[in-house]
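Below is target-v4.cif, holding mmCIF, C-alpha atoms.
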```cif
data_entry
loop_
_atom_site.label_atom_id
_atom_site.label_comp_id
_atom_site.auth_asym_id
_atom_site.auth_seq_id
_atom_site.Cartn_x
_atom_site.Cartn_y
_atom_site.Cartn_z
CA MET G 1 0.00 0.00 0.00
CA PHE G 2 1.13 3.55 -0.63
CA ILE G 3 -0.30 7.06 -0.63
CA LYS G 4 -0.19 8.86 -3.96
CA GLU G 5 -1.59 12.28 -3.03
CA LEU G 6 -2.64 14.10 0.11
CA GLU G 7 -4.93 17.14 0.24
CA LEU G 8 -5.38 19.24 3.39
CA ILE G 9 -7.75 22.15 3.97
CA ASN G 10 -7.59 24.08 7.26
CA PHE G 11 -5.63 21.27 8.90
CA ARG G 12 -3.21 22.52 11.59
CA ASN G 13 -1.08 25.22 9.92
CA TYR G 14 -2.13 24.30 6.36
CA LEU G 15 -4.73 26.47 4.69
CA ASN G 16 -4.76 24.51 1.44
CA LEU G 17 -2.20 21.86 0.54
CA LYS G 18 -1.79 19.23 -2.18
CA ILE G 19 1.26 17.01 -2.15
CA GLU G 20 2.19 14.01 -4.32
CA PHE G 21 4.34 11.23 -2.91
CA LEU G 22 6.63 8.62 -4.43
CA LYS G 23 6.09 4.94 -3.76
CA GLY G 24 9.55 4.80 -2.17
CA LEU G 25 11.20 7.23 0.27
CA ASN G 26 9.69 10.68 0.82
CA VAL G 27 11.58 13.15 2.98
CA LEU G 28 10.08 16.26 4.59
CA TYR G 29 12.85 18.51 5.85
CA GLY G 30 12.90 21.91 7.50
CA GLN G 31 13.26 23.64 10.84
CA ASN G 32 11.06 22.72 13.79
CA ALA G 33 7.47 24.01 14.02
CA GLN G 34 7.10 24.43 10.24
CA GLY G 35 4.48 21.72 9.64
CA LYS G 36 6.44 18.52 8.88
CA THR G 37 4.81 16.44 11.61
CA ASN G 38 1.38 17.82 10.68
CA VAL G 39 1.60 16.02 7.32
CA LEU G 40 2.39 12.69 9.02
CA GLU G 41 -0.36 13.32 11.54
CA ALA G 42 -2.91 13.80 8.73
CA ILE G 43 -1.88 10.58 6.97
CA ASN G 44 -2.07 8.64 10.22
CA PHE G 45 -5.47 10.20 10.95
CA ILE G 46 -7.12 8.83 7.81
CA SER G 47 -5.93 5.40 8.95
CA THR G 48 -6.91 5.48 12.63
CA LEU G 49 -9.20 8.54 13.03
CA LYS G 50 -6.92 9.50 15.91
CA SER G 51 -4.00 11.85 16.34
CA HIS G 52 -0.79 10.51 17.85
CA ARG G 53 -0.26 13.94 19.44
CA THR G 54 -3.58 15.02 20.94
CA SER G 55 -6.90 13.54 22.04
CA LYS G 56 -8.74 16.74 21.07
CA ASP G 57 -9.82 16.87 17.43
CA ARG G 58 -10.38 20.62 17.79
CA GLU G 59 -6.62 21.12 17.89
CA LEU G 60 -6.35 19.69 14.36
CA ILE G 61 -8.44 22.53 12.92
CA LYS G 62 -6.58 25.65 11.78
CA TRP G 63 -6.93 28.57 14.16
CA GLY G 64 -9.97 30.70 13.30
CA LYS G 65 -11.63 27.96 11.21
CA SER G 66 -14.49 25.64 12.18
CA LYS G 67 -13.71 22.61 10.00
CA ALA G 68 -10.72 20.70 8.66
CA TYR G 69 -10.65 18.38 5.66
CA ILE G 70 -8.29 15.54 4.74
CA LYS G 71 -8.33 13.64 1.46
CA ALA G 72 -5.92 10.88 0.51
CA ASN G 73 -5.56 9.05 -2.79
CA LEU G 74 -4.03 5.66 -2.10
CA ASN G 75 -3.16 2.43 -3.89
CA LYS G 76 -3.44 -1.21 -2.92
CA SER G 77 -2.74 -4.27 -5.04
CA LEU G 78 -6.42 -4.26 -6.07
CA GLY G 79 -6.29 -0.67 -7.32
CA ASP G 80 -6.67 2.96 -6.30
CA PHE G 81 -9.05 4.24 -3.63
CA THR G 82 -9.76 7.49 -1.79
CA VAL G 83 -10.40 8.27 1.86
CA GLU G 84 -11.87 11.60 2.99
CA VAL G 85 -12.37 12.83 6.55
CA LEU G 86 -14.14 15.98 7.72
CA ILE G 87 -13.37 17.24 11.22
CA SER G 88 -15.78 19.78 12.68
CA GLU G 89 -16.00 21.80 15.89
CA MET G 90 -19.77 21.41 16.07
CA SER G 91 -20.42 17.81 15.00
CA LYS G 92 -18.96 14.32 14.83
CA LYS G 93 -16.31 13.35 12.32
CA GLU G 94 -17.54 12.37 8.86
CA ALA G 95 -15.78 10.00 6.48
CA LYS G 96 -16.10 8.94 2.86
CA LEU G 97 -14.65 5.93 1.09
CA ASN G 98 -14.37 6.30 -2.69
CA GLY G 99 -16.73 9.28 -2.51
CA ILE G 100 -19.46 7.40 -0.60
CA LYS G 101 -20.31 8.72 2.86
CA LEU G 102 -20.05 6.11 5.59
CA SER G 103 -22.81 5.75 8.19
CA ARG G 104 -20.13 5.84 10.91
CA ALA G 105 -16.79 7.55 10.45
CA SER G 106 -15.11 4.64 12.28
CA GLU G 107 -15.93 2.37 9.33
CA VAL G 108 -13.02 3.95 7.48
CA ILE G 109 -10.52 2.47 9.95
CA GLY G 110 -8.52 -0.37 8.43
CA ASN G 111 -8.80 0.76 4.81
CA ALA G 112 -5.53 2.68 4.88
CA ASN G 113 -2.87 1.16 7.13
CA THR G 114 -0.04 3.14 8.69
CA VAL G 115 2.69 2.63 11.26
CA ILE G 116 3.94 5.81 12.88
CA PHE G 117 7.25 5.93 14.74
CA SER G 118 7.99 9.06 16.77
CA PRO G 119 10.47 9.89 19.55
CA GLU G 120 7.72 9.16 22.08
CA ASP G 121 7.67 5.53 20.89
CA LEU G 122 11.25 5.11 22.07
CA ARG G 123 9.77 5.33 25.57
CA LEU G 124 7.51 2.33 24.98
CA LEU G 125 9.40 0.24 27.49
CA LYS G 126 10.12 2.71 30.28
CA ASP G 127 6.85 4.69 30.43
CA GLY G 128 3.61 3.58 32.09
CA PRO G 129 1.35 0.72 30.91
CA ASP G 130 -1.11 3.09 29.20
CA ILE G 131 1.36 3.78 26.37
CA ARG G 132 1.83 0.03 25.78
CA ARG G 133 -1.93 -0.63 25.83
CA ARG G 134 -2.34 2.17 23.30
CA PHE G 135 0.35 0.58 21.14
CA ILE G 136 -1.59 -2.73 21.12
CA ASP G 137 -4.99 -1.09 20.62
CA ASN G 138 -3.82 1.11 17.73
CA GLU G 139 -2.48 -1.95 15.93
CA LEU G 140 -5.57 -4.08 16.50
CA ASN G 141 -7.87 -1.24 15.43
CA GLN G 142 -6.30 -1.42 11.99
CA ILE G 143 -6.25 -5.18 11.45
CA LYS G 144 -9.42 -6.15 13.35
CA PRO G 145 -12.27 -3.79 12.34
CA ARG G 146 -14.57 -4.95 15.16
CA TYR G 147 -11.89 -4.29 17.77
CA ASN G 148 -12.38 -0.53 17.74
CA TYR G 149 -16.15 -1.03 18.10
CA TYR G 150 -15.76 -3.31 21.14
CA LEU G 151 -13.12 -1.04 22.67
CA SER G 152 -15.48 1.94 22.42
CA LEU G 153 -18.34 -0.04 23.99
CA TYR G 154 -16.10 -1.31 26.78
CA ASN G 155 -14.83 2.17 27.65
CA LYS G 156 -18.37 3.56 27.65
CA VAL G 157 -19.69 0.88 30.04
CA LEU G 158 -16.56 1.13 32.19
CA LEU G 159 -17.12 4.87 32.63
CA GLU G 160 -20.75 4.27 33.63
CA ARG G 161 -19.76 1.56 36.14
CA ASN G 162 -17.09 3.78 37.68
CA ASN G 163 -19.57 6.64 38.03
CA LEU G 164 -22.03 4.37 39.82
CA ILE G 165 -19.32 3.11 42.17
CA LYS G 166 -18.37 6.67 43.11
CA LYS G 167 -22.01 7.48 43.87
CA GLY G 168 -22.22 4.57 46.31
CA ILE G 169 -25.09 2.86 44.48
CA ASP G 170 -26.45 -0.54 45.59
CA LYS G 171 -23.81 -3.03 44.46
CA SER G 172 -26.45 -5.51 43.27
CA LEU G 173 -27.25 -3.06 40.48
CA LEU G 174 -23.73 -3.42 39.10
CA ASP G 175 -24.40 -6.89 37.71
CA VAL G 176 -25.76 -5.66 34.39
CA TYR G 177 -22.57 -3.65 33.91
CA ASP G 178 -20.42 -6.62 34.90
CA GLN G 179 -22.09 -8.77 32.24
CA GLN G 180 -21.53 -6.14 29.55
CA LEU G 181 -17.91 -5.56 30.57
CA ALA G 182 -17.28 -9.31 30.47
CA GLU G 183 -18.82 -9.49 26.98
CA TYR G 184 -16.78 -6.63 25.51
CA GLY G 185 -13.66 -7.10 27.63
CA SER G 186 -13.25 -10.78 26.76
CA PHE G 187 -13.13 -9.86 23.08
CA LEU G 188 -10.38 -7.31 23.80
CA ILE G 189 -8.32 -9.68 25.94
CA PHE G 190 -8.60 -12.61 23.52
CA ASN G 191 -7.44 -10.53 20.56
CA ARG G 192 -4.66 -8.90 22.57
CA ILE G 193 -3.34 -12.31 23.64
CA GLU G 194 -3.35 -13.59 20.06
CA PHE G 195 -1.67 -10.40 18.87
CA ILE G 196 1.10 -10.64 21.48
CA LYS G 197 1.79 -14.25 20.47
CA LYS G 198 2.44 -13.13 16.88
CA LEU G 199 4.29 -10.01 17.96
CA SER G 200 6.64 -11.96 20.22
CA ILE G 201 7.68 -14.35 17.45
CA ILE G 202 8.34 -11.61 14.89
CA CYS G 203 10.00 -9.32 17.45
CA LYS G 204 12.39 -12.05 18.54
CA LEU G 205 13.59 -12.61 14.96
CA LEU G 206 13.92 -8.90 14.12
CA HIS G 207 15.69 -8.06 17.35
CA ARG G 208 18.14 -10.88 16.80
CA LYS G 209 19.02 -9.36 13.39
CA ILE G 210 19.35 -5.80 14.70
CA THR G 211 21.65 -6.88 17.54
CA ASN G 212 23.66 -9.35 15.43
CA GLY G 213 22.39 -12.22 17.55
CA ASN G 214 23.60 -10.76 20.83
CA GLU G 215 20.17 -10.22 22.39
CA GLU G 216 17.07 -12.38 22.78
CA LEU G 217 13.80 -10.45 23.07
CA VAL G 218 10.71 -11.98 24.68
CA ILE G 219 7.30 -10.31 25.04
CA LYS G 220 4.57 -11.50 27.39
CA TYR G 221 1.02 -10.34 28.03
CA LYS G 222 0.49 -9.21 31.62
CA GLY G 223 -2.96 -9.19 33.20
CA ASP G 224 -5.45 -11.04 35.38
CA ILE G 225 -6.22 -13.32 32.41
CA ILE G 226 -3.38 -14.20 30.05
CA ASP G 227 -4.68 -17.26 28.19
CA GLY G 228 -7.79 -19.17 27.20
CA GLU G 229 -10.51 -19.26 24.55
CA LEU G 230 -13.07 -16.49 24.18
CA LYS G 231 -15.86 -18.21 26.16
CA SER G 232 -13.53 -19.14 29.02
CA ILE G 233 -12.11 -15.61 29.19
CA LYS G 234 -15.63 -14.15 29.34
CA GLU G 235 -16.63 -16.39 32.26
CA ARG G 236 -13.44 -15.73 34.21
CA LEU G 237 -13.65 -12.00 33.58
CA TYR G 238 -17.24 -11.85 34.82
CA SER G 239 -16.16 -13.63 38.02
CA LEU G 240 -13.34 -11.13 38.49
CA TYR G 241 -15.75 -8.20 38.32
CA LYS G 242 -18.19 -9.86 40.75
CA ASN G 243 -15.50 -10.83 43.25
CA SER G 244 -13.83 -7.42 43.24
CA ILE G 245 -16.92 -5.28 43.98
CA GLU G 246 -15.96 -4.58 47.59
CA GLU G 247 -12.43 -3.64 46.57
CA ASP G 248 -13.76 -1.45 43.74
CA ILE G 249 -16.09 0.43 46.09
CA LYS G 250 -13.19 1.14 48.44
CA LYS G 251 -10.96 2.35 45.61
CA GLY G 252 -13.69 4.21 43.75
CA TYR G 253 -13.03 2.59 40.38
CA THR G 254 -13.05 -0.76 38.55
CA SER G 255 -9.82 -2.48 39.53
CA LYS G 256 -9.98 -5.52 37.23
CA GLY G 257 -10.19 -5.87 33.49
CA PRO G 258 -8.28 -5.14 30.27
CA GLN G 259 -7.99 -1.42 31.12
CA ARG G 260 -5.35 -2.47 33.68
CA ASP G 261 -3.37 -4.88 31.48
CA ASP G 262 0.17 -4.44 30.18
CA ILE G 263 2.96 -6.20 28.31
CA GLU G 264 6.31 -7.25 29.73
CA VAL G 265 9.51 -7.16 27.68
CA PHE G 266 12.58 -9.23 28.53
CA ILE G 267 16.06 -8.96 27.02
CA ASN G 268 18.23 -12.03 27.61
CA GLY G 269 15.82 -13.04 30.37
CA VAL G 270 16.02 -9.69 32.21
CA ASP G 271 13.11 -7.24 32.68
CA ALA G 272 13.90 -4.58 30.08
CA LYS G 273 11.82 -1.83 31.69
CA HIS G 274 13.83 -1.78 34.89
CA TYR G 275 17.24 -3.23 34.02
CA ALA G 276 17.99 -2.63 30.32
CA SER G 277 20.21 0.26 29.25
CA GLN G 278 18.72 3.19 27.33
CA GLY G 279 20.28 1.85 24.14
CA GLN G 280 18.77 -1.59 24.69
CA GLN G 281 15.36 -0.08 25.40
CA ARG G 282 15.49 1.95 22.20
CA THR G 283 16.50 -1.07 20.15
CA ALA G 284 13.64 -3.07 21.67
CA ALA G 285 11.21 -0.25 20.84
CA LEU G 286 12.51 -0.26 17.26
CA SER G 287 11.93 -4.01 17.06
CA LEU G 288 8.36 -3.56 18.33
CA LYS G 289 7.52 -0.91 15.75
CA LEU G 290 9.09 -2.86 12.87
CA SER G 291 7.11 -5.91 13.95
CA GLU G 292 3.92 -3.88 13.47
CA ILE G 293 4.78 -3.63 9.78
CA GLU G 294 5.17 -7.38 9.39
CA ILE G 295 1.97 -8.15 11.30
CA ILE G 296 -0.08 -5.78 9.15
CA LYS G 297 1.47 -7.34 6.03
CA GLY G 298 0.56 -10.81 7.31
CA GLU G 299 -3.02 -9.85 8.16
CA THR G 300 -3.87 -7.69 5.14
CA GLY G 301 -1.47 -8.82 2.44
CA GLU G 302 -0.24 -5.22 2.07
CA TYR G 303 2.67 -3.38 3.63
CA PRO G 304 1.51 -0.32 5.59
CA ILE G 305 2.79 3.22 5.05
CA LEU G 306 5.65 3.90 7.46
CA LEU G 307 5.68 7.38 9.02
CA LEU G 308 8.98 8.28 10.69
CA ASP G 309 8.63 11.46 12.71
CA ASP G 310 12.03 12.85 13.65
CA VAL G 311 13.34 9.54 14.97
CA MET G 312 16.58 9.36 12.97
CA SER G 313 18.32 11.77 15.32
CA GLU G 314 17.34 9.55 18.25
CA LEU G 315 18.96 6.40 16.78
CA ASP G 316 22.63 5.62 16.24
CA LEU G 317 23.97 5.12 12.70
CA GLN G 318 23.72 1.32 12.82
CA ARG G 319 20.04 1.43 13.75
CA GLN G 320 19.34 4.18 11.21
CA LYS G 321 20.86 2.13 8.40
CA TYR G 322 18.99 -1.01 9.43
CA LEU G 323 15.72 0.91 9.60
CA LEU G 324 15.95 2.29 6.06
CA ASP G 325 17.88 -0.51 4.34
CA SER G 326 15.51 -3.25 5.55
CA LEU G 327 12.34 -1.52 4.35
CA MET G 328 12.90 -1.22 0.61
CA ASP G 329 9.37 -2.55 -0.15
CA VAL G 330 7.65 -0.10 2.21
CA GLN G 331 6.64 3.46 1.40
CA ILE G 332 8.39 5.69 3.94
CA ILE G 333 7.55 9.30 4.76
CA LEU G 334 10.29 10.72 6.92
CA THR G 335 10.75 14.05 8.69
CA ILE G 336 14.22 15.48 9.37
CA THR G 337 15.71 18.90 10.14
CA SER G 338 18.84 18.56 7.99
CA LEU G 339 19.53 16.99 4.59
CA ASN G 340 22.96 15.98 5.85
CA ASP G 341 21.26 13.01 7.52
CA LEU G 342 20.49 11.54 4.08
CA GLU G 343 24.06 11.46 2.85
CA LYS G 344 24.75 8.34 4.93
CA PHE G 345 22.27 6.22 2.96
CA SER G 346 22.40 4.91 -0.60
CA ILE G 347 18.70 5.17 -1.45
CA ASN G 348 18.19 6.12 -5.07
CA ARG G 349 14.42 6.46 -5.34
CA LYS G 350 13.45 9.35 -3.11
CA ARG G 351 11.62 12.65 -3.21
CA ILE G 352 12.67 15.57 -1.04
CA PHE G 353 10.25 18.24 0.17
CA GLU G 354 11.27 21.47 1.86
CA VAL G 355 8.74 22.55 4.49
CA SER G 356 8.63 26.17 5.62
CA ASN G 357 5.79 27.85 7.52
CA GLY G 358 3.06 25.69 6.03
CA ASN G 359 4.45 25.76 2.48
CA ILE G 360 5.91 22.67 0.81
CA GLN G 361 8.13 22.57 -2.28
CA ILE G 362 9.97 19.74 -4.01
CA LYS G 363 13.70 20.13 -3.52
CA GLU G 364 16.47 18.78 -5.77
CA PHE G 365 19.07 16.74 -3.90
#
```

For the structure just supplied, provide its representation as structure tokens.
Amino acid sequence: MFIKELELINFRNYLNLKIEFLKGLNVLYGQNAQGKTNVLEAINFISTLKSHRTSKDRELIKWGKSKAYIKANLNKSLGDFTVEVLISEMSKKEAKLNGIKLSRASEVIGNANTVIFSPEDLRLLKDGPDIRRRFIDNELNQIKPRYNYYLSLYNKVLLERNNLIKKGIDKSLLDVYDQQLAEYGSFLIFNRIEFIKKLSIICKLLHRKITNGNEELVIKYKGDIIDGELKSIKERLYSLYKNSIEEDIKKGYTSKGPQRDDIEVFINGVDAKHYASQGQQRTAALSLKLSEIEIIKGETGEYPILLLDDVMSELDLQRQKYLLDSLMDVQIILTITSLNDLEKFSINRKRIFEVSNGNIQIKEF
């Protein structure tokens, strides 16, 4: 899969932009705060309907405007297709696929697949569990269309249950919420477990290559339920909610369930979060992100678009070369602040764009 053309209207600092990409390497260079990351953010948004930088869609709309528009022309092995998204201050997001409006904007998720790698992702191992859950959820949203639907339902019911707990409501009334949480939560846990199994295998192989066989990477799912079939997980999860009511009332929130789960990463048998060096943690994070690409390829038959947001400066030369040299079949859109960074790599097919204050021009290199 690759993106051929992107059009932005009133998105971030872009009033009106059209940009055509190559199938290979595309480089956006310029000083900070000029709009490079905004382009990557827009491409990722048509894939996930979420920003990797903010949870507030309003921030995506250009200052003084009430709506923002994104249109992408893309190509898969079956042919070209278009995705359009309208973001509004006053109403819900709207989406079109090949010019046809979708009944729910979320139906567009999974049509265009992206993997975004930013400096924040290098903290995957050392930050809190929420960033690792988000990593899993973002991936599953793209390859399992129903996952986003169940995740939304789970979060909605979880919020309602937590509000009831805080109000001190009769605990017998929580049963209906426990049943719903078990229904939606079991789907999340089952798919997360299956995803981590695949991720661990691919990650181990990739990490071995990156470290020249010196490190063995193992990933494990961490939670109250870490195995089982869907029906079994649902029954066990329901029991967990029922048995933890007293504890939940004391704490004021739901203490069990997939919203508390995490992943553990081990390097040569040692907990990487607490005992790995910064360099080892960054290499492990790189292995995790590259594994996303292979999983999407395995599930969809298409390589995703790889969005690299100012990560080259955070990696040493060996990791930089591996990152670019091993992804010759993947469309890459890369942001950098200096063209000197490109001189280290022998990539012939590339297009360079100079970004300055919301204006983009093709640059000869």

**Message:** Please list, as a PyMOL selection string, the residues that have an atom at most 10 Å away from (8.4, 2.0, 29.6) in the coordinates of this file, counting only C-alpha atoms.
**Reply:** chain G and resi 121-132+263-265+272-274+281+285

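Among G:Lys363, G:Lys93, G:Arg236, G:Arg146, the residue with the shortest atom-to-atom distance to Gly257 (chain G), counting all atoms listed in the file, is G:Arg236.
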
Near Ile352 (chain G), within 7 Å and counting only C-alpha atoms, which residues show up once chain neighbours fewer than 5 positions away are dropped, as an mmCIF file with C-alpha atoms, in the coordinates of the input?
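Saved the output as around39.cif:
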```
data_model
loop_
_atom_site.group_PDB
_atom_site.id
_atom_site.type_symbol
_atom_site.label_atom_id
_atom_site.label_comp_id
_atom_site.auth_asym_id
_atom_site.auth_seq_id
_atom_site.Cartn_x
_atom_site.Cartn_y
_atom_site.Cartn_z
ATOM 1 C CA ASN G 26 9.690 10.680 0.820
ATOM 2 C CA VAL G 27 11.580 13.150 2.980
ATOM 3 C CA LEU G 28 10.080 16.260 4.590
ATOM 4 C CA ILE G 362 9.970 19.740 -4.010
ATOM 5 C CA LYS G 363 13.700 20.130 -3.520
ATOM 6 C CA GLU G 364 16.470 18.780 -5.770
#
```

**Item:** Selected residue, from G:Ser66, G:Asn214, G:Tyr221, G:Thr300, that lies nearest to Ala112 (chain G) when counting all atoms listed in the file
**Value:** G:Thr300

**Request:** Please evaluate the PyMOL selection byres ((chain G and resi 45) around 12) against the displayed coordinates and give the resulting residues as a ChimeraX atom specification.
**Result:** /G:6,8,11,38-44,46-55,57,60,68-72,83-87,93,95,105-106,108-116,138,142,307

**Item:** Residue with smallest distance to Lys23 (chain G) - pool G:Gln259, G:Asn10, G:Ser338, G:Asn75, counting all atoms listed in the file
**Value:**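 Closest to Lys23 (chain G), using all atoms listed in the file: G:Asn75.
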
Fill-in result for region 74-83 of chain G, all heavy atoms as an mmCIF file, keeping the file's coordinate frame:
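Contents of selection13.cif, freshly written:
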```
data_model
loop_
_atom_site.group_PDB
_atom_site.id
_atom_site.type_symbol
_atom_site.label_atom_id
_atom_site.label_comp_id
_atom_site.auth_asym_id
_atom_site.auth_seq_id
_atom_site.Cartn_x
_atom_site.Cartn_y
_atom_site.Cartn_z
ATOM 1 N N LEU G 74 -4.932 6.744 -2.471
ATOM 2 C CA LEU G 74 -4.030 5.660 -2.100
ATOM 3 C C LEU G 74 -4.112 4.527 -3.115
ATOM 4 O O LEU G 74 -5.017 4.489 -3.956
ATOM 5 C CB LEU G 74 -4.363 5.130 -0.701
ATOM 6 C CG LEU G 74 -4.376 6.166 0.416
ATOM 7 C CD1 LEU G 74 -5.797 6.425 0.861
ATOM 8 C CD2 LEU G 74 -3.538 5.707 1.607
ATOM 9 N N ASN G 75 -3.173 3.585 -2.995
ATOM 10 C CA ASN G 75 -3.160 2.430 -3.890
ATOM 11 C C ASN G 75 -2.891 1.162 -3.101
ATOM 12 O O ASN G 75 -1.987 1.119 -2.268
ATOM 13 C CB ASN G 75 -2.092 2.610 -4.978
ATOM 14 C CG ASN G 75 -1.998 1.398 -5.884
ATOM 15 O OD1 ASN G 75 -1.263 0.459 -5.600
ATOM 16 N ND2 ASN G 75 -2.752 1.415 -6.967
ATOM 17 N N LYS G 76 -3.697 0.148 -3.388
ATOM 18 C CA LYS G 76 -3.440 -1.210 -2.920
ATOM 19 C C LYS G 76 -3.253 -2.097 -4.149
ATOM 20 O O LYS G 76 -3.416 -1.642 -5.281
ATOM 21 C CB LYS G 76 -4.622 -1.724 -2.092
ATOM 22 C CG LYS G 76 -4.775 -1.116 -0.719
ATOM 23 C CD LYS G 76 -5.931 -1.781 0.021
ATOM 24 C CE LYS G 76 -6.089 -1.219 1.421
ATOM 25 N NZ LYS G 76 -7.214 -1.843 2.157
ATOM 26 N N SER G 77 -2.950 -3.354 -3.917
ATOM 27 C CA SER G 77 -2.740 -4.270 -5.040
ATOM 28 C C SER G 77 -3.990 -4.404 -5.899
ATOM 29 O O SER G 77 -3.902 -4.703 -7.091
ATOM 30 C CB SER G 77 -2.331 -5.651 -4.515
ATOM 31 O OG SER G 77 -3.289 -6.150 -3.599
ATOM 32 N N LEU G 78 -5.175 -4.157 -5.325
ATOM 33 C CA LEU G 78 -6.420 -4.260 -6.070
ATOM 34 C C LEU G 78 -6.774 -2.980 -6.815
ATOM 35 O O LEU G 78 -7.749 -2.949 -7.573
ATOM 36 C CB LEU G 78 -7.577 -4.638 -5.131
ATOM 37 C CG LEU G 78 -7.478 -6.016 -4.471
ATOM 38 C CD1 LEU G 78 -8.653 -6.236 -3.514
ATOM 39 C CD2 LEU G 78 -7.445 -7.116 -5.522
ATOM 40 N N GLY G 79 -6.023 -1.909 -6.607
ATOM 41 C CA GLY G 79 -6.290 -0.670 -7.320
ATOM 42 C C GLY G 79 -6.295 0.550 -6.428
ATOM 43 O O GLY G 79 -6.014 0.478 -5.222
ATOM 44 N N ASP G 80 -6.636 1.692 -7.027
ATOM 45 C CA ASP G 80 -6.670 2.960 -6.300
ATOM 46 C C ASP G 80 -7.944 3.105 -5.492
ATOM 47 O O ASP G 80 -8.992 2.539 -5.836
ATOM 48 C CB ASP G 80 -6.572 4.135 -7.278
ATOM 49 C CG ASP G 80 -5.228 4.200 -7.988
ATOM 50 O OD1 ASP G 80 -4.302 3.480 -7.562
ATOM 51 O OD2 ASP G 80 -5.109 4.961 -8.962
ATOM 52 N N PHE G 81 -7.871 3.892 -4.414
ATOM 53 C CA PHE G 81 -9.050 4.240 -3.630
ATOM 54 C C PHE G 81 -8.800 5.562 -2.920
ATOM 55 O O PHE G 81 -7.656 6.000 -2.786
ATOM 56 C CB PHE G 81 -9.430 3.142 -2.644
ATOM 57 C CG PHE G 81 -8.438 2.927 -1.521
ATOM 58 C CD1 PHE G 81 -8.688 3.413 -0.243
ATOM 59 C CD2 PHE G 81 -7.259 2.218 -1.733
ATOM 60 C CE1 PHE G 81 -7.796 3.211 0.793
ATOM 61 C CE2 PHE G 81 -6.355 2.010 -0.706
ATOM 62 C CZ PHE G 81 -6.625 2.508 0.560
ATOM 63 N N THR G 82 -9.882 6.204 -2.478
ATOM 64 C CA THR G 82 -9.760 7.490 -1.790
ATOM 65 C C THR G 82 -10.416 7.416 -0.416
ATOM 66 O O THR G 82 -11.423 6.722 -0.230
ATOM 67 C CB THR G 82 -10.411 8.641 -2.587
ATOM 68 O OG1 THR G 82 -11.813 8.379 -2.729
ATOM 69 C CG2 THR G 82 -9.780 8.774 -3.949
ATOM 70 N N VAL G 83 -9.829 8.132 0.514
ATOM 71 C CA VAL G 83 -10.400 8.270 1.860
ATOM 72 C C VAL G 83 -10.500 9.766 2.144
ATOM 73 O O VAL G 83 -9.538 10.514 1.925
ATOM 74 C CB VAL G 83 -9.509 7.590 2.927
ATOM 75 C CG1 VAL G 83 -10.032 7.911 4.333
ATOM 76 C CG2 VAL G 83 -9.464 6.089 2.716
#
```
